[in-house]
$ cat target.cif   # mmCIF, C-alpha atoms
data_model
loop_
_atom_site.label_atom_id
_atom_site.label_comp_id
_atom_site.auth_asym_id
_atom_site.auth_seq_id
_atom_site.Cartn_x
_atom_site.Cartn_y
_atom_site.Cartn_z
CA ALA K 7 89.27 -4.26 -4.20
CA ALA K 8 87.11 -6.20 -6.58
CA GLY K 9 83.65 -6.88 -5.33
CA ALA K 10 83.89 -4.19 -2.68
CA ARG K 11 80.82 -2.06 -2.28
CA ALA K 12 80.97 1.64 -2.80
CA PRO K 13 80.28 3.61 0.36
CA ALA K 14 76.67 4.70 0.63
CA THR K 15 76.21 8.35 0.08
CA ALA K 16 74.21 10.31 2.67
CA PRO K 17 70.77 11.48 1.48
CA ARG K 18 70.80 15.01 0.27
CA THR K 19 68.62 17.36 2.31
CA THR K 20 67.14 20.55 0.99
CA ARG K 21 66.86 23.56 3.18
CA SER K 22 63.49 25.25 3.31
CA ARG K 23 63.21 28.75 2.11
CA PRO K 24 62.89 31.37 4.84
CA ASP K 25 59.36 32.30 3.80
CA GLU K 26 58.25 28.64 3.91
CA ARG K 27 59.68 28.25 7.42
CA ARG K 28 57.80 31.32 8.56
CA VAL K 29 54.58 29.93 7.14
CA ARG K 30 55.11 26.58 8.86
CA LEU K 31 55.88 28.27 12.18
CA ALA K 32 52.66 30.24 11.88
CA GLY K 33 50.73 26.98 11.54
CA HIS K 34 49.76 27.38 7.87
CA ARG K 35 50.57 25.45 4.78
CA PRO K 36 52.30 27.32 2.01
CA ALA K 37 49.89 28.39 -0.68
CA GLU K 38 49.84 26.56 -3.94
CA PRO K 39 51.33 28.55 -6.79
CA ASP K 40 48.74 30.47 -8.75
CA GLN K 41 48.44 29.80 -12.45
CA ASP K 42 48.58 33.53 -13.11
CA ASP K 43 51.46 34.14 -10.70
CA PRO K 44 54.30 35.83 -12.60
CA HIS K 45 56.78 34.18 -10.20
CA PRO K 46 55.68 30.56 -9.85
CA GLY K 47 57.18 28.54 -7.06
CA SER K 48 57.64 31.50 -4.77
CA GLY K 49 55.27 29.94 -2.21
CA ALA K 50 53.95 33.35 -1.14
CA VAL K 51 50.57 33.45 0.57
CA GLN K 52 48.00 35.18 -1.60
CA HIS K 53 45.91 37.88 0.10
CA HIS K 54 42.76 39.32 -1.42
CA PRO K 55 41.26 42.60 -0.24
CA ALA K 56 37.84 42.64 1.39
CA GLY K 57 35.05 42.88 -1.14
CA ASP K 58 37.13 41.22 -3.88
CA VAL K 59 35.15 39.45 -6.56
CA ARG K 60 36.69 36.17 -5.37
CA ASP K 61 34.87 36.47 -2.00
CA PRO K 62 32.35 33.69 -1.44
CA LEU K 63 28.86 34.41 -2.68
CA HIS K 64 27.26 34.11 0.76
CA VAL K 65 29.66 36.75 2.14
CA ARG K 66 28.70 39.23 -0.56
CA LEU K 67 24.99 38.51 -0.04
CA ARG K 68 25.37 39.06 3.69
CA ARG K 69 26.98 42.44 3.06
CA LEU K 70 24.14 43.43 0.74
CA ASP K 71 21.55 42.40 3.35
CA GLN K 72 23.33 44.43 6.03
CA ASP K 73 23.50 47.52 3.81
CA ARG K 74 19.81 47.18 2.92
CA SER K 75 18.89 46.71 6.59
CA HIS K 76 20.77 49.85 7.63
CA HIS K 77 19.10 51.85 4.86
CA ASP K 78 15.63 50.63 5.88
CA GLN K 79 16.33 51.54 9.50
CA ASP K 80 17.34 55.08 8.52
CA VAL K 81 14.23 55.51 6.37
CA TYR K 82 11.88 54.31 9.11
CA LYS K 83 13.67 56.43 11.70
CA ASN K 84 12.92 59.58 9.71
CA PHE K 85 9.42 58.31 8.91
CA LEU K 86 8.65 57.74 12.60
CA MET K 87 9.73 61.06 14.12
CA ALA K 88 6.75 63.09 12.88
CA GLY K 89 4.39 60.55 14.45
CA ILE K 90 6.23 60.73 17.77
CA PHE K 91 6.09 64.53 17.73
CA ALA K 92 2.35 64.53 17.07
CA GLN K 93 1.69 61.88 19.70
CA THR K 94 3.62 63.89 22.28
CA VAL K 95 1.59 67.07 21.77
CA THR K 96 -1.73 65.22 21.84
CA PHE K 97 -0.88 63.26 24.98
CA ALA K 98 -0.54 66.61 26.76
CA THR K 99 -4.34 66.50 26.83
CA ALA K 100 -4.21 64.23 29.87
CA GLY K 101 -2.04 66.73 31.74
CA SER K 102 -4.45 69.56 31.00
CA ALA K 103 -7.42 67.53 32.16
CA ALA K 104 -5.70 66.46 35.38
CA GLY K 105 -4.47 70.00 36.10
CA ILE K 106 -7.88 71.62 35.73
CA ALA K 107 -9.55 68.88 37.79
CA ASP K 108 -6.95 69.39 40.52
CA ASP K 109 -7.48 73.16 40.52
CA MET K 110 -11.23 72.68 40.79
CA GLN K 111 -10.84 70.22 43.65
CA LYS K 112 -8.44 72.41 45.67
CA GLY K 113 -10.53 75.56 45.30
CA ILE K 114 -7.95 77.52 43.32
CA VAL K 115 -10.51 78.28 40.63
CA ASP K 116 -12.86 79.74 43.27
CA ARG K 117 -10.19 82.31 44.13
CA PHE K 118 -9.87 83.28 40.49
CA ARG K 119 -13.62 83.72 40.26
CA SER K 120 -13.47 86.42 42.92
CA LEU K 121 -11.11 88.48 40.75
CA PRO K 122 -12.34 90.95 38.10
CA MET K 123 -11.69 88.79 35.03
CA THR K 124 -13.72 87.00 32.44
CA ARG K 125 -14.63 83.41 33.16
CA GLY K 126 -13.00 82.07 30.03
CA SER K 127 -9.65 83.69 30.87
CA VAL K 128 -9.08 81.16 33.66
CA LEU K 129 -9.25 78.28 31.20
CA THR K 130 -7.29 80.21 28.57
CA GLY K 131 -4.46 80.84 31.02
CA ARG K 132 -4.35 77.17 31.92
CA THR K 133 -4.25 75.99 28.31
CA VAL K 134 -1.57 78.55 27.36
CA ALA K 135 0.58 77.38 30.28
CA ASP K 136 0.21 73.82 29.03
CA LEU K 137 1.17 75.00 25.54
CA VAL K 138 4.45 76.47 26.85
CA GLN K 139 5.22 73.20 28.59
CA THR K 140 4.48 71.31 25.38
CA ALA K 141 6.87 73.59 23.45
CA VAL K 142 9.69 72.79 25.89
CA THR K 143 8.93 69.09 25.57
CA LEU K 144 9.06 69.33 21.78
CA ALA K 145 12.43 71.08 21.91
CA VAL K 146 13.89 68.32 24.08
CA LEU K 147 12.36 65.63 21.88
CA ALA K 148 13.77 67.23 18.72
CA ALA K 149 17.25 67.33 20.26
CA VAL K 150 17.02 63.66 21.19
CA GLY K 151 15.76 62.83 17.70
CA LEU K 152 18.76 64.55 16.12
CA ALA K 153 21.05 62.66 18.48
CA VAL K 154 19.66 59.27 17.43
CA GLY K 155 19.89 60.04 13.72
CA TRP K 156 16.78 61.96 12.66
CA ARG K 157 17.68 64.24 9.77
CA PRO K 158 15.13 66.66 8.27
CA GLY K 159 15.30 66.72 4.50
CA SER K 160 16.18 63.05 4.20
CA ALA K 161 13.51 62.47 1.53
CA GLU K 162 12.79 65.91 0.07
CA PRO K 163 14.61 69.26 0.24
CA THR K 164 13.52 71.51 3.08
CA ASN K 165 14.71 74.62 4.89
CA LEU K 166 14.67 76.18 8.33
CA GLY K 167 11.45 78.06 7.64
CA LYS K 168 9.56 74.90 6.77
CA ILE K 169 10.95 73.08 9.79
CA LEU K 170 9.85 75.88 12.13
CA ALA K 171 6.46 75.92 10.41
CA GLY K 172 6.16 72.20 11.10
CA PHE K 173 6.78 72.70 14.80
CA GLY K 174 4.34 75.62 14.84
CA LEU K 175 1.70 73.42 13.25
CA LEU K 176 2.34 70.79 15.93
CA LEU K 177 1.91 73.35 18.71
CA PHE K 178 -1.34 74.62 17.21
CA PHE K 179 -2.60 71.06 16.91
CA GLY K 180 -1.60 70.32 20.50
CA TYR K 181 -3.21 73.54 21.75
CA ALA K 182 -6.50 72.54 20.15
CA PHE K 183 -6.36 69.22 21.97
CA THR K 184 -5.73 70.92 25.33
CA TRP K 185 -9.26 72.32 25.10
CA ILE K 186 -10.54 68.76 24.91
CA GLY K 187 -8.58 68.12 28.09
CA ALA K 188 -10.09 71.22 29.69
CA LEU K 189 -13.59 69.95 29.01
CA ILE K 190 -12.72 66.54 30.44
CA GLY K 191 -11.19 68.12 33.55
CA LEU K 192 -14.36 70.12 34.17
CA SER K 193 -16.55 67.05 33.69
CA VAL K 194 -14.97 64.76 36.31
CA ARG K 195 -14.48 65.05 40.05
CA THR K 196 -10.94 63.83 40.67
CA PRO K 197 -7.56 64.30 38.94
CA GLU K 198 -7.17 60.54 38.65
CA ALA K 199 -10.38 60.23 36.68
CA ALA K 200 -9.30 63.17 34.53
CA THR K 201 -5.99 61.49 33.72
CA SER K 202 -7.70 58.27 32.66
CA GLY K 203 -10.39 60.08 30.70
CA GLY K 204 -7.84 62.34 29.06
CA ILE K 205 -5.60 59.63 27.66
CA ILE K 206 -7.57 56.43 27.08
CA TRP K 207 -9.39 57.71 23.98
CA LEU K 208 -6.12 58.91 22.44
CA PHE K 209 -4.82 55.40 21.80
CA PRO K 210 -7.25 54.54 18.98
CA VAL K 211 -6.86 58.06 17.57
CA THR K 212 -3.07 57.79 17.37
CA PHE K 213 -2.76 54.15 16.35
CA VAL K 214 -5.47 54.12 13.67
CA SER K 215 -3.43 56.57 11.65
CA ASN K 216 -0.35 56.80 9.47
CA ALA K 217 1.89 57.75 12.40
CA PHE K 218 3.65 54.41 12.82
CA VAL K 219 2.82 52.42 9.69
CA ASP K 220 1.89 53.23 6.14
CA SER K 221 -1.90 53.28 5.89
CA ARG K 222 -1.61 51.33 2.61
CA GLN K 223 -0.90 48.25 4.73
CA MET K 224 -4.32 48.51 6.40
CA THR K 225 -7.56 47.00 5.22
CA PRO K 226 -9.57 49.32 2.92
CA TRP K 227 -12.18 50.34 5.51
CA LEU K 228 -9.52 50.99 8.17
CA ARG K 229 -7.38 52.95 5.75
CA HIS K 230 -10.36 55.17 4.94
CA ILE K 231 -10.69 55.99 8.65
CA ALA K 232 -6.96 56.60 8.98
CA ASP K 233 -6.85 58.92 5.96
CA TRP K 234 -9.60 61.15 7.40
CA ASN K 235 -8.20 61.05 10.93
CA PRO K 236 -7.11 64.58 12.02
CA PHE K 237 -4.07 63.01 13.63
CA SER K 238 -2.99 61.52 10.28
CA ALA K 239 -3.31 64.92 8.62
CA ALA K 240 -1.06 66.53 11.23
CA VAL K 241 1.54 63.78 10.91
CA GLN K 242 1.55 63.89 7.12
CA ALA K 243 1.81 67.69 7.16
CA CYS K 244 4.85 67.54 9.44
CA ARG K 245 6.53 64.97 7.21
CA GLN K 246 5.93 67.22 4.24
CA LEU K 247 7.38 70.28 5.98
CA PHE K 248 10.29 68.39 7.53
CA GLY K 249 11.16 66.68 4.25
CA ASP K 250 10.84 63.25 5.85
CA PRO K 251 9.66 60.14 3.99
CA GLY K 252 5.88 59.87 4.08
CA VAL K 253 3.09 57.65 2.90
CA SER K 254 1.80 57.72 -0.64
CA PRO K 255 -1.12 60.16 -0.69
CA SER K 256 -4.50 58.61 -1.31
CA SER K 257 -7.51 60.19 -2.94
CA ALA K 258 -8.71 61.53 0.45
CA TRP K 259 -8.48 65.31 0.62
CA PRO K 260 -6.61 65.44 3.98
CA MET K 261 -3.81 63.36 2.47
CA GLN K 262 -3.73 65.47 -0.70
CA GLN K 263 -3.52 68.76 1.24
CA PRO K 264 -2.26 67.76 4.70
CA VAL K 265 -1.08 71.21 5.80
CA TRP K 266 -4.40 72.93 5.09
CA ALA K 267 -6.33 69.96 6.46
CA SER K 268 -4.35 70.02 9.70
CA LEU K 269 -4.89 73.76 10.15
CA LEU K 270 -8.61 73.37 9.49
CA TYR K 271 -8.95 70.43 11.88
CA SER K 272 -7.04 72.28 14.61
CA ALA K 273 -9.15 75.43 14.26
CA LEU K 274 -12.42 73.48 14.38
CA ILE K 275 -11.36 71.45 17.41
CA ALA K 276 -10.18 74.58 19.26
CA VAL K 277 -13.36 76.58 18.55
CA VAL K 278 -15.81 73.78 19.34
CA PHE K 279 -14.20 72.50 22.52
CA ARG K 280 -13.32 75.95 23.86
CA THR K 281 -16.98 76.91 23.55
CA LEU K 282 -18.08 73.73 25.31
CA ALA K 283 -15.46 74.10 28.06
CA VAL K 284 -16.37 77.74 28.79
CA ARG K 285 -20.06 76.86 29.01
CA LYS K 286 -19.25 74.00 31.35
CA PHE K 287 -17.19 76.37 33.48
CA HIS K 288 -20.07 78.86 33.66
CA ARG K 289 -22.51 76.16 34.75
CA ALA K 290 -20.08 75.04 37.45
CA ASP K 291 -19.93 78.65 38.65
CA GLY K 292 -23.68 78.87 38.88
#

$ encode --input "target.cif" --output "structure tokens"
Amino acid sequence: AAGARAPATAPRTTRSRPDERRVRLAGHRPAEPDQDDPHPGSGAVQHHPAGDVRDPLHVRLRRLDQDRSHHDQDVYKNFLMAGIFAQTVTFATAGSAAGIADDMQKGIVDRFRSLPMTRGSVLTGRTVADLVQTAVTLAVLAAVGLAVGWRPGSAEPTNLGKILAGFGLLLFFGYAFTWIGALIGLSVRTPEAATSGGIIWLFPVTFVSNAFVDSRQMTPWLRHIADWNPFSAAVQACRQLFGDPGVSPSSAWPMQQPVWASLLYSALIAVVFRTLAVRKFHRADG
């Protein structure tokens, strides 16, 4: 009929693509089509692998900082182990002093004096026993160091012979220091006093050195003391033999030739303090 309206047509609905429905169900909006996408309009979510150049700048910088931090930790770990080894063998001095003082107090030494032996052999036997104990301690400490990540040869090539030579040098250095402990043990009356006297002076010796920090970070006058410290020579020699990262050698001779310097220091300390300890033992006998 004229003037009759045409029936309204129902609005046409479009069905979503399956991938769009999955994206909506997951709670995400479909990604905008990429300009370089060979199939525009696909609505596929773009994924970029980790470390892609399109990562934000702060993410890449954070990764670089983490990598640098891990590298610095590994370097310092290998730098530190030689100092810990040397500190362990020197701190055995307190045990030697306390042991000899305890033997003197309990009268065990008086029994040895009645036997047909030289006077110095009593002290020699005690220091050798302490040396064996120090060797066992070093073996345990080396195993723990390997477990936590210490790796000989991390800075310079090394071999098994050099590594064993480094531990031998440490034992010789520690044996020389046990004679200092023997003299202290003969000079005090109680084991408690021997323990205090045998360890308190070791703190400035071990800390004013290159054992824990590079001596270049010290003031000039303190670095001069650290470079000529016998403890620094032993630590630097071990780093050289182990192939661990060390400090930059200064013009001081012990840092230029740390192995020879450590051997010379150890021999002098052993000869001087053994002589003093044996004389002290003879006077106590008289």

$ residues_around --input "target.cif" --residues "segment 231-240 of chain K" --least-positions-apart "2" --cutoff "8 Å" --atoms "only C-alpha atoms" --output "list in words"
Ala92, Leu175, Leu176, Phe179, Val211, Thr212, Val214, Ser215, Asn216, Ala217, Ser221, Trp227, Leu228, Arg229, Gln242, Ala243, Cys244, Ser256, Ala258, Pro260, Met261, Pro264, Val265, Ala267, Ser268 and Tyr271 of chain K

$ residues_around --input "target.cif" --residues "Asn84 of chain K" --least-positions-apart "6" --cutoff "7 Å" --atoms "all atoms listed in the file" --output "count of residues only"
4

$ resolve_selection --input "target.cif" --expression "the PyMOL selection byres ((chain K and resi 163) around 12)" --output "PyMOL selection string"
chain K and resi 157-162+164-169+245-251

$ axis_aligned_box --input "target.cif" --around "segment 159-171 of chain K" --padding-each-side "5 Å" --output "JSON"
{"center_x": 11.3, "center_y": 70.3, "center_z": 6.1, "size_x": 19.7, "size_y": 25.6, "size_z": 22.1}

$ closest_residue --input "target.cif" --among "K:Phe287, K:Trp266, K:Phe218, K:Phe97" --to "Gly203 of chain K" --atoms "all atoms listed in the file"
K:Phe97

$ atom_distance --input "target.cif" --atom1 "atom CA of Asp136 of chain K" --atom2 "atom CA of His288 of chain K"
21.4 Å

$ resolve_selection --input "target.cif" --expression "the PyMOL selection byres ((chain K and resi 183) around 9)" --output "list in words"
Val95, Thr96, Phe97, Ala98, Thr99, Phe178, Phe179, Gly180, Tyr181, Ala182, Thr184, Trp185, Ile186, Gly187, Ala188, Ser272, Ile275, Ala276 and Phe279 of chain K

$ residues_around --input "target.cif" --residues "Leu189 of chain K" --least-positions-apart "3" --cutoff "8 Å" --atoms "all atoms listed in the file" --output "ChimeraX atom specification"
/K:103,185-186,192-193,279-280,282-283,286

$ closest_residue --input "target.cif" --among "K:Ala135, K:Ser102, K:Phe213, K:Val128" --to "Ile114 of chain K" --atoms "all atoms listed in the file"
K:Val128

$ closest_residue --input "target.cif" --among "K:Ala149, K:Ile205, K:Ala200, K:Val277" --to "Phe91 of chain K" --atoms "all atoms listed in the file"
K:Ala149

$ atom_distance --input "target.cif" --atom1 "atom CA of Leu129 of chain K" --atom2 "atom CA of Phe209 of chain K"
25.1 Å
